[in-house]
file my_file_23.txt (compact mmCIF, C-alpha atoms and all ligand atoms)
# COMPACT_ATOMS: atom_id res chain seq x y z
CA MET A 1 19.32 11.24 6.20
CA ASN A 2 20.47 7.69 5.96
CA VAL A 3 20.94 6.80 9.62
CA VAL A 4 18.34 7.84 12.19
CA GLU A 5 18.48 7.30 15.93
CA VAL A 6 15.15 7.18 17.76
CA ALA A 7 15.23 7.38 21.57
CA PRO A 8 12.61 5.89 23.93
CA ALA A 9 9.57 8.13 24.41
CA LEU A 10 8.00 9.22 27.68
CA ARG A 11 4.62 9.69 25.98
CA LEU A 12 2.97 10.89 22.77
CA GLN A 13 0.59 13.82 22.68
CA GLY A 14 -0.93 16.13 20.12
CA GLU A 15 -2.93 16.39 16.94
CA THR A 16 -1.70 15.86 13.42
CA SER A 17 -2.64 14.52 10.02
CA VAL A 18 -0.84 12.05 7.76
CA PRO A 19 -0.09 12.41 4.03
CA GLY A 20 -2.68 11.41 1.42
CA ASP A 21 -3.33 7.73 0.79
CA LYS A 22 -0.80 6.12 -1.51
CA SER A 23 -3.10 3.48 -3.04
CA ILE A 24 -5.85 6.01 -3.80
CA SER A 25 -3.41 8.60 -5.20
CA HIS A 26 -1.91 6.09 -7.67
CA ARG A 27 -5.37 5.14 -8.90
CA LEU A 28 -6.76 8.65 -9.28
CA ALA A 29 -3.70 9.74 -11.25
CA MET A 30 -3.78 6.72 -13.56
CA ILE A 31 -7.51 6.74 -14.17
CA GLY A 32 -7.56 10.54 -14.54
CA SER A 33 -4.95 10.11 -17.30
CA ILE A 34 -7.27 7.93 -19.40
CA ALA A 35 -10.44 9.90 -18.60
CA GLU A 36 -11.70 12.72 -20.78
CA GLY A 37 -11.04 16.24 -19.53
CA GLN A 38 -9.43 17.60 -16.43
CA THR A 39 -8.95 15.73 -13.15
CA VAL A 40 -7.98 17.65 -10.03
CA ILE A 41 -6.56 15.71 -7.08
CA HIS A 42 -6.19 17.48 -3.73
CA ASN A 43 -4.02 16.05 -0.94
CA PHE A 44 -2.17 13.81 -3.41
CA ALA A 45 0.22 11.48 -1.55
CA ALA A 46 3.65 12.89 -0.77
CA SER A 47 5.05 9.37 -1.20
CA ALA A 48 7.97 8.76 -3.57
CA ASP A 49 6.00 5.83 -5.05
CA CYS A 50 3.20 8.15 -6.20
CA SER A 51 5.76 10.50 -7.75
CA SER A 52 7.01 7.47 -9.70
CA THR A 53 3.49 7.01 -11.06
CA LEU A 54 3.26 10.68 -12.09
CA LYS A 55 6.65 10.47 -13.82
CA CYS A 56 5.60 7.34 -15.75
CA LEU A 57 2.32 9.01 -16.79
CA ALA A 58 4.24 12.09 -17.94
CA GLY A 59 6.48 9.71 -19.93
CA LEU A 60 3.29 8.49 -21.63
CA GLY A 61 2.52 12.03 -22.75
CA VAL A 62 -0.02 13.01 -20.07
CA PRO A 63 0.05 16.74 -19.18
CA ILE A 64 0.42 16.88 -15.39
CA ASP A 65 0.79 19.95 -13.23
CA ARG A 66 1.78 19.39 -9.61
CA LYS A 67 1.87 22.13 -7.00
CA GLY A 68 2.58 20.65 -3.58
CA ALA A 69 -0.26 18.28 -2.77
CA ASP A 70 -2.45 19.46 -5.65
CA VAL A 71 -2.20 17.60 -8.94
CA VAL A 72 -4.01 18.59 -12.13
CA ILE A 73 -4.16 16.07 -14.97
CA GLN A 74 -5.43 16.67 -18.51
CA GLY A 75 -6.85 13.34 -19.58
CA ASN A 76 -7.21 12.53 -23.25
CA GLY A 77 -9.43 9.46 -23.13
CA LEU A 78 -8.83 5.72 -23.29
CA GLN A 79 -6.69 5.99 -26.42
CA GLY A 80 -4.94 9.21 -25.38
CA LEU A 81 -1.62 7.86 -24.09
CA ARG A 82 1.47 8.19 -26.31
CA ARG A 83 4.34 5.77 -26.93
CA PRO A 84 7.03 6.61 -24.34
CA ALA A 85 10.34 7.91 -25.72
CA ARG A 86 12.26 5.89 -23.14
CA GLU A 87 11.78 3.22 -20.47
CA LEU A 88 9.24 3.90 -17.74
CA ASP A 89 11.11 3.89 -14.42
CA ALA A 90 8.79 2.75 -11.62
CA GLU A 91 11.67 3.02 -9.10
CA ASN A 92 10.47 1.21 -5.91
CA SER A 93 6.78 1.09 -6.75
CA GLY A 94 5.05 -2.25 -7.40
CA THR A 95 1.66 -0.55 -7.66
CA THR A 96 2.94 1.66 -10.49
CA VAL A 97 4.08 -1.29 -12.61
CA ARG A 98 1.23 -3.66 -11.89
CA LEU A 99 -1.67 -1.21 -12.32
CA LEU A 100 -0.18 0.73 -15.21
CA SER A 101 0.49 -2.55 -17.06
CA GLY A 102 -3.28 -3.14 -17.04
CA ILE A 103 -3.76 0.23 -18.73
CA LEU A 104 -0.88 -0.22 -21.19
CA ALA A 105 -2.17 -3.66 -22.23
CA GLY A 106 -4.89 -1.88 -24.23
CA THR A 107 -2.70 0.65 -26.06
CA SER A 108 -1.42 0.35 -29.61
CA PHE A 109 2.26 0.64 -28.65
CA GLU A 110 5.06 -0.94 -26.68
CA SER A 111 6.31 0.28 -23.27
CA THR A 112 9.10 -1.08 -21.09
CA PHE A 113 9.19 -0.87 -17.30
CA ILE A 114 12.37 -0.76 -15.26
CA GLY A 115 12.75 -0.32 -11.50
CA ASP A 116 15.22 -0.25 -8.62
CA SER A 117 16.92 -3.41 -7.31
CA SER A 118 14.08 -4.21 -4.86
CA LEU A 119 11.33 -3.82 -7.49
CA SER A 120 13.40 -5.84 -9.95
CA ARG A 121 13.20 -8.80 -7.55
CA ARG A 122 9.40 -8.67 -7.19
CA PRO A 123 7.14 -11.08 -9.12
CA MET A 124 5.28 -9.82 -12.21
CA LYS A 125 4.06 -13.18 -13.51
CA ARG A 126 0.87 -12.58 -11.52
CA ILE A 127 -0.12 -9.75 -13.90
CA ILE A 128 1.62 -11.08 -17.01
CA GLU A 129 -0.57 -14.16 -17.01
CA PRO A 130 -4.03 -12.47 -16.95
CA LEU A 131 -2.96 -9.64 -19.28
CA ARG A 132 -1.82 -12.21 -21.87
CA ARG A 133 -5.25 -13.81 -21.64
CA PHE A 134 -6.75 -10.45 -22.66
CA GLY A 135 -4.57 -10.54 -25.79
CA ALA A 136 -1.66 -8.28 -24.82
CA ARG A 137 1.97 -9.36 -25.27
CA LEU A 138 4.27 -9.12 -22.27
CA ASP A 139 7.93 -10.06 -22.12
CA ALA A 140 9.83 -10.03 -18.86
CA ARG A 141 13.17 -11.27 -17.57
CA ASP A 142 12.67 -14.96 -16.71
CA ASP A 143 9.02 -14.35 -17.56
CA ASN A 144 8.56 -12.83 -14.10
CA PHE A 145 10.82 -9.83 -13.40
CA LEU A 146 11.65 -6.34 -14.65
CA PRO A 147 12.64 -5.16 -17.15
CA MET A 148 9.23 -5.96 -18.58
CA CYS A 149 7.89 -4.95 -21.96
CA VAL A 150 4.14 -4.50 -22.48
CA GLN A 151 2.99 -4.58 -26.11
CA GLY A 152 -0.57 -3.28 -26.15
CA ALA A 153 -3.24 -4.91 -28.36
CA PRO A 154 -7.00 -4.90 -28.91
CA LEU A 155 -8.26 -6.76 -25.83
CA THR A 156 -11.07 -9.26 -25.32
CA ALA A 157 -12.80 -9.56 -21.93
CA ILE A 158 -11.83 -12.41 -19.61
CA ASP A 159 -13.29 -14.24 -16.64
CA TYR A 160 -10.57 -14.46 -14.02
CA THR A 161 -10.21 -15.99 -10.57
CA LEU A 162 -7.38 -14.37 -8.63
CA PRO A 163 -4.77 -16.98 -7.69
CA VAL A 164 -3.32 -14.61 -5.03
CA ALA A 165 -5.32 -12.25 -2.80
CA SER A 166 -3.89 -9.12 -4.37
CA ALA A 167 -5.54 -5.76 -5.01
CA GLN A 168 -2.77 -4.97 -7.46
CA VAL A 169 -3.56 -7.98 -9.64
CA LYS A 170 -7.32 -7.37 -9.36
CA SER A 171 -6.75 -3.74 -10.40
CA ALA A 172 -4.57 -4.66 -13.37
CA VAL A 173 -7.37 -6.94 -14.61
CA LEU A 174 -10.07 -4.29 -14.08
CA LEU A 175 -8.04 -1.60 -15.85
CA ALA A 176 -7.46 -3.89 -18.82
CA GLY A 177 -11.14 -4.90 -18.69
CA LEU A 178 -12.09 -1.25 -19.00
CA GLN A 179 -10.60 -1.29 -22.50
CA ALA A 180 -11.61 -4.79 -23.57
CA ARG A 181 -14.43 -5.89 -25.86
CA GLY A 182 -17.13 -7.37 -23.60
CA THR A 183 -17.63 -7.65 -19.84
CA THR A 184 -14.69 -8.75 -17.70
CA ARG A 185 -15.33 -10.63 -14.46
CA VAL A 186 -12.86 -10.99 -11.58
CA HIS A 187 -13.46 -13.36 -8.68
CA GLU A 188 -11.67 -12.95 -5.37
CA ALA A 189 -11.88 -15.41 -2.47
CA VAL A 190 -10.98 -12.80 0.16
CA ARG A 191 -11.86 -9.18 -0.38
CA SER A 192 -8.83 -6.99 -1.05
CA ARG A 193 -8.78 -3.18 -1.04
CA ASP A 194 -11.43 -1.84 -3.42
CA HIS A 195 -10.05 1.64 -4.22
CA THR A 196 -9.89 0.83 -7.94
CA GLU A 197 -13.55 -0.14 -8.04
CA ILE A 198 -14.55 3.01 -6.11
CA ALA A 199 -12.43 5.31 -8.28
CA LEU A 200 -13.61 3.75 -11.54
CA ARG A 201 -17.23 4.24 -10.46
CA GLN A 202 -16.52 7.89 -9.63
CA PHE A 203 -15.07 8.39 -13.11
CA GLY A 204 -18.23 6.88 -14.67
CA ALA A 205 -17.12 3.32 -15.52
CA GLY A 206 -19.67 0.51 -15.78
CA ILE A 207 -18.52 -1.48 -12.78
CA GLN A 208 -20.38 -3.47 -10.18
CA GLY A 209 -19.55 -6.08 -7.61
CA ALA A 210 -21.25 -8.56 -5.31
CA ASN A 211 -20.29 -11.74 -3.45
CA GLY A 212 -16.66 -11.72 -4.46
CA THR A 213 -17.22 -11.07 -8.19
CA ILE A 214 -16.53 -7.72 -9.83
CA GLU A 215 -17.76 -6.98 -13.35
CA ILE A 216 -16.52 -4.23 -15.61
CA GLU A 217 -17.92 -3.31 -18.99
CA GLY A 218 -15.35 -2.55 -21.66
CA GLY A 219 -15.19 0.55 -23.85
CA ILE A 220 -17.07 3.02 -21.63
CA ALA A 221 -15.55 6.50 -21.75
CA LEU A 222 -14.56 8.02 -18.38
CA ARG A 223 -14.89 11.68 -17.42
CA GLY A 224 -12.47 13.60 -15.21
CA GLY A 225 -13.45 14.98 -11.81
CA VAL A 226 -12.31 16.67 -8.61
CA PHE A 227 -11.08 14.51 -5.73
CA SER A 228 -9.61 14.92 -2.28
CA VAL A 229 -7.47 12.02 -1.07
CA PRO A 230 -8.00 10.88 2.55
CA GLY A 231 -5.01 10.50 4.88
CA ASP A 232 -3.23 7.16 4.55
CA LEU A 233 -4.31 4.72 7.26
CA SER A 234 -1.25 2.57 6.53
CA SER A 235 0.93 5.58 7.44
CA ALA A 236 -1.26 6.49 10.43
CA ALA A 237 -0.79 2.90 11.66
CA PHE A 238 2.77 3.65 12.81
CA LEU A 239 1.60 6.59 14.95
CA ILE A 240 -1.42 4.65 16.25
CA ALA A 241 0.78 1.71 17.29
CA THR A 242 3.24 4.02 19.07
CA ALA A 243 0.50 5.81 21.00
CA LEU A 244 -1.05 2.47 22.03
CA ALA A 245 2.27 1.16 23.30
CA VAL A 246 3.74 4.17 25.12
CA PRO A 247 1.97 4.67 28.49
CA GLY A 248 0.20 8.00 29.08
CA SER A 249 -0.18 8.78 25.36
CA LYS A 250 -3.13 10.36 23.60
CA ILE A 251 -3.05 11.58 20.00
CA LYS A 252 -5.58 12.68 17.40
CA LEU A 253 -5.18 12.08 13.67
CA SER A 254 -7.52 14.00 11.42
CA ARG A 255 -9.11 13.02 8.09
CA VAL A 256 -7.79 9.48 7.82
CA GLY A 257 -9.17 7.04 5.22
CA LEU A 258 -11.41 4.40 6.80
CA ASN A 259 -12.30 2.19 3.85
CA PRO A 260 -13.44 -1.10 5.45
CA THR A 261 -11.16 -3.09 3.13
CA ARG A 262 -8.24 -1.27 4.79
CA SER A 263 -9.35 -0.57 8.36
CA GLY A 264 -8.87 -4.07 9.82
CA PHE A 265 -5.87 -2.68 11.71
CA ILE A 266 -8.24 -0.54 13.79
CA THR A 267 -11.00 -3.11 14.29
CA LEU A 268 -8.63 -5.96 15.15
CA LEU A 269 -6.87 -3.80 17.73
CA GLN A 270 -10.14 -2.49 19.17
CA ASP A 271 -11.18 -6.12 19.65
CA ILE A 272 -8.16 -6.76 21.87
CA GLY A 273 -8.61 -3.68 24.05
CA ALA A 274 -7.18 -0.78 22.04
CA ARG A 275 -8.68 2.57 22.99
CA ILE A 276 -9.15 3.88 19.45
CA SER A 277 -12.20 6.02 18.70
CA VAL A 278 -13.35 7.22 15.34
CA SER A 279 -15.51 10.33 14.82
CA ASN A 280 -16.63 12.84 12.17
CA VAL A 281 -16.93 10.16 9.52
CA SER A 282 -17.87 11.55 6.12
CA ASP A 283 -17.71 10.53 2.48
CA GLY A 284 -14.71 11.72 0.46
CA GLY A 285 -15.29 10.77 -3.19
CA GLY A 286 -16.73 7.37 -2.32
CA GLU A 287 -14.11 6.73 0.37
CA PRO A 288 -15.02 7.04 4.09
CA VAL A 289 -12.85 9.53 6.02
CA GLY A 290 -12.78 10.31 9.74
CA ASP A 291 -10.82 11.49 12.76
CA ILE A 292 -9.06 8.99 15.00
CA VAL A 293 -8.21 9.41 18.70
CA VAL A 294 -5.82 6.86 20.21
CA GLU A 295 -4.91 6.38 23.87
CA SER A 296 -2.31 4.04 25.32
CA SER A 297 -3.90 0.69 26.07
CA ASP A 298 -3.39 -2.78 27.54
CA LEU A 299 -3.67 -5.18 24.66
CA ASP A 300 -4.54 -8.86 24.70
CA GLY A 301 -3.26 -11.26 21.99
CA ILE A 302 -4.25 -11.50 18.35
CA ASP A 303 -4.27 -14.26 15.75
CA ILE A 304 -4.40 -13.07 12.13
CA GLY A 305 -5.19 -15.56 9.35
CA ALA A 306 -6.23 -15.65 5.68
CA GLU A 307 -9.52 -13.77 6.15
CA TRP A 308 -7.69 -10.68 7.47
CA VAL A 309 -4.32 -10.81 5.71
CA PRO A 310 -5.20 -8.76 2.58
CA ASN A 311 -6.87 -6.11 4.73
CA VAL A 312 -3.86 -5.58 7.04
CA ILE A 313 -1.08 -6.70 4.69
CA ASP A 314 0.86 -3.42 4.98
CA GLU A 315 0.34 -3.15 8.75
CA ILE A 316 1.76 -6.58 9.64
CA PRO A 317 5.32 -5.37 10.35
CA VAL A 318 4.08 -2.85 12.90
CA LEU A 319 1.55 -5.33 14.34
CA ALA A 320 4.43 -7.77 14.87
CA VAL A 321 6.46 -5.11 16.67
CA LEU A 322 3.42 -4.20 18.78
CA GLY A 323 3.06 -7.91 19.58
CA THR A 324 5.91 -7.65 22.09
CA ARG A 325 3.70 -5.23 24.10
CA THR A 326 0.58 -7.44 24.15
CA ARG A 327 -0.29 -9.93 26.90
CA ASN A 328 -0.61 -12.98 24.65
CA GLY A 329 1.41 -12.13 21.56
CA VAL A 330 0.66 -11.66 17.88
CA ARG A 331 0.41 -14.62 15.52
CA ILE A 332 0.34 -14.14 11.74
CA ARG A 333 -0.64 -17.04 9.46
CA ASP A 334 -1.36 -17.42 5.72
CA ALA A 335 0.82 -14.42 4.90
CA ALA A 336 3.53 -15.83 2.61
CA GLU A 337 2.82 -12.77 0.39
CA LEU A 338 4.87 -10.79 2.91
CA ARG A 339 7.96 -12.46 1.50
CA SER A 340 7.34 -10.72 -1.87
CA LYS A 341 7.05 -7.15 -0.61
CA GLU A 342 9.74 -4.42 -0.71
CA SER A 343 11.72 -6.80 1.50
CA ASP A 344 10.93 -10.31 2.76
CA ARG A 345 8.95 -8.82 5.63
CA ILE A 346 8.71 -12.07 7.61
CA ARG A 347 12.49 -12.35 7.67
CA THR A 348 13.33 -8.67 8.10
CA VAL A 349 10.86 -8.18 10.98
CA ALA A 350 12.21 -11.31 12.69
CA ILE A 351 15.88 -10.28 12.23
CA ASN A 352 15.30 -6.80 13.66
CA LEU A 353 13.15 -7.95 16.58
CA ARG A 354 15.90 -10.42 17.53
CA VAL A 355 18.50 -7.63 17.35
CA LEU A 356 16.40 -5.82 19.97
CA GLY A 357 16.42 -8.94 22.18
CA ALA A 358 12.95 -10.32 21.36
CA LYS A 359 11.94 -13.92 20.80
CA VAL A 360 10.22 -14.50 17.44
CA HIS A 361 9.07 -17.74 15.82
CA GLU A 362 9.25 -17.54 12.05
CA THR A 363 7.19 -19.86 9.82
CA PRO A 364 7.08 -20.15 6.01
CA ASP A 365 3.88 -18.07 5.91
CA GLY A 366 4.03 -15.90 9.00
CA LEU A 367 5.41 -15.42 12.47
CA TYR A 368 4.57 -15.55 16.14
CA VAL A 369 5.76 -12.80 18.45
CA PRO A 370 5.18 -13.73 22.10
CA GLY A 371 3.74 -11.00 24.30
CA GLY A 372 5.14 -9.43 27.46
CA GLN A 373 8.61 -8.82 26.03
CA VAL A 374 10.86 -5.85 26.76
CA LEU A 375 12.85 -4.57 23.78
CA SER A 376 16.38 -3.26 24.22
CA GLY A 377 18.03 -0.56 22.15
CA GLY A 378 20.25 -1.57 19.24
CA ARG A 379 21.12 -1.06 15.60
CA VAL A 380 18.70 -2.36 12.99
CA GLU A 381 18.49 -2.19 9.22
CA ALA A 382 15.61 -1.00 7.09
CA PHE A 383 16.56 -3.45 4.30
CA GLY A 384 15.49 -0.77 1.79
CA ASP A 385 11.90 -1.19 3.00
CA HIS A 386 9.96 1.88 4.14
CA ARG A 387 7.60 -0.07 6.39
CA ILE A 388 10.49 -1.82 8.15
CA ALA A 389 12.21 1.53 8.81
CA MET A 390 9.03 2.96 10.36
CA ALA A 391 8.04 -0.18 12.29
CA PHE A 392 11.39 -0.06 14.10
CA ALA A 393 11.04 3.63 14.90
CA VAL A 394 7.84 2.52 16.68
CA ALA A 395 9.83 -0.18 18.52
CA ALA A 396 12.39 2.45 19.55
CA CYS A 397 9.71 4.51 21.31
CA PHE A 398 9.09 1.74 23.83
CA ALA A 399 12.53 0.08 23.91
CA THR A 400 14.81 0.53 26.94
CA GLY A 401 17.47 2.35 24.89
CA PRO A 402 17.83 4.19 21.58
CA VAL A 403 17.43 2.32 18.31
CA THR A 404 19.60 3.26 15.35
CA ILE A 405 17.99 2.59 11.98
CA ASP A 406 20.31 2.26 8.99
CA ASP A 407 19.02 3.34 5.60
CA ALA A 408 16.05 5.05 7.29
CA SER A 409 15.46 7.52 4.45
CA CYS A 410 13.62 4.79 2.54
CA ALA A 411 10.62 5.81 4.73
CA ASP A 412 10.10 8.51 2.06
CA VAL A 413 8.73 5.82 -0.24
CA SER A 414 5.40 6.17 1.59
CA PHE A 415 5.78 8.79 4.34
CA PRO A 416 8.23 11.66 3.77
CA GLY A 417 8.66 13.57 7.04
CA PHE A 418 7.71 10.56 9.19
CA PHE A 419 10.59 10.83 11.66
CA GLU A 420 10.07 14.58 12.15
CA LEU A 421 6.31 14.12 12.61
CA LEU A 422 6.88 11.36 15.18
CA GLU A 423 9.39 13.54 17.05
CA GLY A 424 6.82 16.34 17.13
CA LEU A 425 4.39 14.13 19.05
CA VAL A 426 6.93 12.62 21.46
CA SER A 427 7.92 13.95 24.90
CA ARG A 428 11.09 12.64 26.51
C1 LIG B 1 -1.56 -2.16 -2.86
C2 LIG B 1 -1.89 -3.46 -2.62
C3 LIG B 1 -1.11 -4.33 -1.73
C4 LIG B 1 -0.22 -3.52 -0.81
C5 LIG B 1 0.51 -2.41 -1.51
C6 LIG B 1 -0.45 -1.48 -2.21
C7 LIG B 1 -2.40 -1.41 -3.81
O1 LIG B 1 -0.30 -5.16 -2.53
O2 LIG B 1 0.70 -4.36 -0.14
O3 LIG B 1 1.27 -1.68 -0.57
O4 LIG B 1 -2.33 -0.16 -3.83
O5 LIG B 1 -3.17 -2.06 -4.53
P1 LIG B 1 -0.87 -6.54 -3.12
O6 LIG B 1 -2.12 -6.22 -3.83
O7 LIG B 1 0.15 -7.07 -4.08
O8 LIG B 1 -1.05 -7.44 -1.92
call {"tool": "encode", "arguments": {"input": "my_file_23.txt", "output": "structure tokens", "more": "lines below"}}
Ligand code: S3P
result
Amino acid sequence: MNVVEVAPALRLQGETSVPGDKSISHRLAMIGSIAEGQTVIHNFAASADCSSTLKCLAGLGVPIDRKGADVVIQGNGLQGLRRPARELDAENSGTTVRLLSGILAGTSFESTFIGDSSLSRRPMKRIIEPLRRFGARLDARDDNFLPMCVQGAPLTAIDYTLPVASAQVKSAVLLAGLQARGTTRVHEAVRSRDHTEIALRQFGAGIQGANGTIEIEGGIALRGGVFSVPGDLSSAAFLIATALAVPGSKIKLSRVGLNPTRSGFITLLQDIGARISVSNVSDGGGEPVGDIVVESSDLDGIDIGAEWVPNVIDEIPVLAVLGTRTRNGVRIRDAAELRSKESDRIRTVAINLRVLGAKVHETPDGLYVPGGQVLSGGRVEAFGDHRIAMAFAVAACFATGPVTIDDASCADVSFPGFFELLEGLVSR
């Protein structure tokens, strides 16, 4: 399914759920692999990225049994991983490389990561630098790109201030800190997603955080557990945006993750008039989960800067597309990080919006999409980026003609079955 055509929608209606959260699935699988005993993960993400993590863990000798969305891992403790017989292929997944490098930094062997062409262009210096400070040896192409070799070593705790607001870098440091001698401290200026901290606590790590500093004690053994992964809010975002934008729509999404470090997409939209209600909130292994009802809404404008960027980083492409439907437009600032994602998301969003006849102002660290614009049909590219493919399926639902998306199957990286699920909610 490489080319998909999405026609304008009359309205969206119905109830559904989205696949398990990608970020949480990666973490539970990795931490379960270095815990002692069995870890059972229900509703494990269907995403291709999370399968890349499982394949890399299997390559490190971890016994993993996967039946549909249920994954059972036999962890063998902090020193239980084995030298891989071949390179670890992370395919398209930055989270796999960056988080797993933190774990591999504390082993007694050497591992080499490779990835696809997109991942091979993404920066790794951001994890190489702190992991070297712990005492590990890392060698990468141009000291920044895959292939990257991680030579594990006995680690000593560090005190580290994140130079980029990145949950992946924070997590790599915490996972190395778990194995280091002493207490590791990480300072972050803006709070990024805290799934690693929550998961580590659930597995019994000595971790605490307050006022932007997280501390982890090294050398504490973890124990396996049973987890159920909430639905992925970053996947739900595409359905929520479509329902908001297509008049007469009302949809319900059940058991979606509502971690406050991720749910800025909902609160920011509620603030500008979105009719989004959340109910049945409960605790799922330390992570809040709830049902979401969305009705089509008139939206005002929105200005997103540094304090919100890490929270909504993955939702910015769809927020930009939705910007055309607002009264006063969507402005994104302080988001140069978007240029280092699966594609340069500032550029690829701008290119595709222009193909559909919209005006967009691109800046080095963001963009401004004026409101009150009508999108036409057209042919856009996904640029190998799952979130670009899905953001433009959203655009198609309220464009005046069909939108053809080239290379649309890359949506599988986070949301296999997305186009079918969207079609199931749409009336024409
Ligand atoms: C992720 C963190 C974010 C996000 C990515 C997943 C994670 O990346 O964009 O999709 O699971 O930690 P950065 O931490 O590099 O911003």
call {"tool": "closest_residue", "arguments": {"input": "my_file_23.txt", "among": "A:Ser166, A:Ser235, A:Thr156, A:Thr196", "to": "ligand LIG 1 (chain B)", "atoms": "only C-alpha atoms and all ligand atoms"}}
result
A:Ser166
call {"tool": "closest_atom_pairs", "arguments": {"input": "my_file_23.txt", "of": "chain A", "to": "ligand LIG 1 (chain B)", "cutoff": "6 Å", "atoms": "only C-alpha atoms and all ligand atoms", "output": "tab-separated table"}}
result
residue	atom	partner	partner_atom	distance
A:Ser23	CA	B:LIG1	O4	3.8
A:Thr95	CA	B:LIG1	O4	5.5
A:Ser166	CA	B:LIG1	O6	3.4
A:Ala167	CA	B:LIG1	O6	3.6
A:Gln168	CA	B:LIG1	O6	3.9
A:Ile313	CA	B:LIG1	O2	5.7
A:Asp314	CA	B:LIG1	O2	5.2
call {"tool": "atom_distance", "arguments": {"input": "my_file_23.txt", "atom1": "atom CA of A:Ala408", "atom2": "atom CA of A:Ile351"}}
result
16.1 Å
call {"tool": "residues_around", "arguments": {"input": "my_file_23.txt", "residues": "A:Leu356", "least_positions_apart": "6", "cutoff": "6 Å", "atoms": "only C-alpha atoms", "output": "list in words"}}
result
Leu375, Ser376, Gly377 and Gly378 of chain A
call {"tool": "residues_around", "arguments": {"input": "my_file_23.txt", "residues": "A:Leu57", "least_positions_apart": "4", "cutoff": "8 Å", "atoms": "all atoms listed in the file", "output": "count of residues only"}}
result
5
call {"tool": "closest_residue", "arguments": {"input": "my_file_23.txt", "among": "A:Pro154, A:Gly135, A:Gly225, A:Pro19", "to": "A:Thr39", "atoms": "only C-alpha atoms"}}
result
A:Gly225
call {"tool": "atom_distance", "arguments": {"input": "my_file_23.txt", "atom1": "atom CA of A:Arg82", "atom2": "atom CA of A:Arg193"}}
result
29.5 Å
call {"tool": "closest_residue", "arguments": {"input": "my_file_23.txt", "among": "A:Ala85, A:Ile346, A:Val355, A:Val321", "to": "A:Ala393", "atoms": "all atoms listed in the file"}}
result
A:Val321
call {"tool": "residues_around", "arguments": {"input": "my_file_23.txt", "residues": "stretch 305-309 of chain A", "least_positions_apart": "2", "cutoff": "7 Å", "atoms": "all atoms listed in the file", "output": "PyMOL selection string"}}
result
chain A and resi 190+303+311-313+332-335
call {"tool": "closest_residue", "arguments": {"input": "my_file_23.txt", "among": "A:Arg428, A:Lys359, A:Arg185, A:Lys341", "to": "A:Ser118", "atoms": "only C-alpha atoms"}}
result
A:Lys341
call {"tool": "closest_residue", "arguments": {"input": "my_file_23.txt", "among": "A:Lys170, A:His42, A:Arg133, A:Arg141", "to": "A:Arg121", "atoms": "all atoms listed in the file"}}
result
A:Arg141
call {"tool": "residues_around", "arguments": {"input": "my_file_23.txt", "residues": "A:Arg354", "least_positions_apart": "4", "cutoff": "12 Å", "atoms": "only C-alpha atoms", "output": "PyMOL selection string"}}
result
chain A and resi 321+324+347-350+358-362+369+373-381+392+395
call {"tool": "residues_near_point", "arguments": {"input": "my_file_23.txt", "point": "(11.8, -4.5, 2.4)", "cutoff": "9 Å", "atoms": "all atoms listed in the file", "output": "list in words"}}
result
Ser118, Arg339, Ser340, Lys341, Glu342, Ser343, Asp344, Arg345, Thr348, Ala382, Phe383, Gly384, Asp385, His386, Arg387, Ile388 and Ala389 of chain A
call {"tool": "atom_distance", "arguments": {"input": "my_file_23.txt", "atom1": "atom CA of A:Leu422", "atom2": "atom CA of A:Gly357"}}
result
23.5 Å
call {"tool": "residues_near_point", "arguments": {"input": "my_file_23.txt", "point": "(14.0, 0.4, -12.3)", "cutoff": "12 Å", "atoms": "only C-alpha atoms", "output": "list in words"}}
result
Ser52, Cys56, Glu87, Leu88, Asp89, Ala90, Glu91, Asn92, Ser93, Gly94, Thr96, Val97, Thr112, Phe113, Ile114, Gly115, Asp116, Ser117, Ser118, Leu119, Ser120, Arg121, Arg122, Phe145, Leu146, Pro147 and Met148 of chain A
call {"tool": "closest_residue", "arguments": {"input": "my_file_23.txt", "among": "A:Arg191, A:Lys125, A:Asn352, A:Phe418", "to": "A:Ile405", "atoms": "all atoms listed in the file"}}
result
A:Asn352
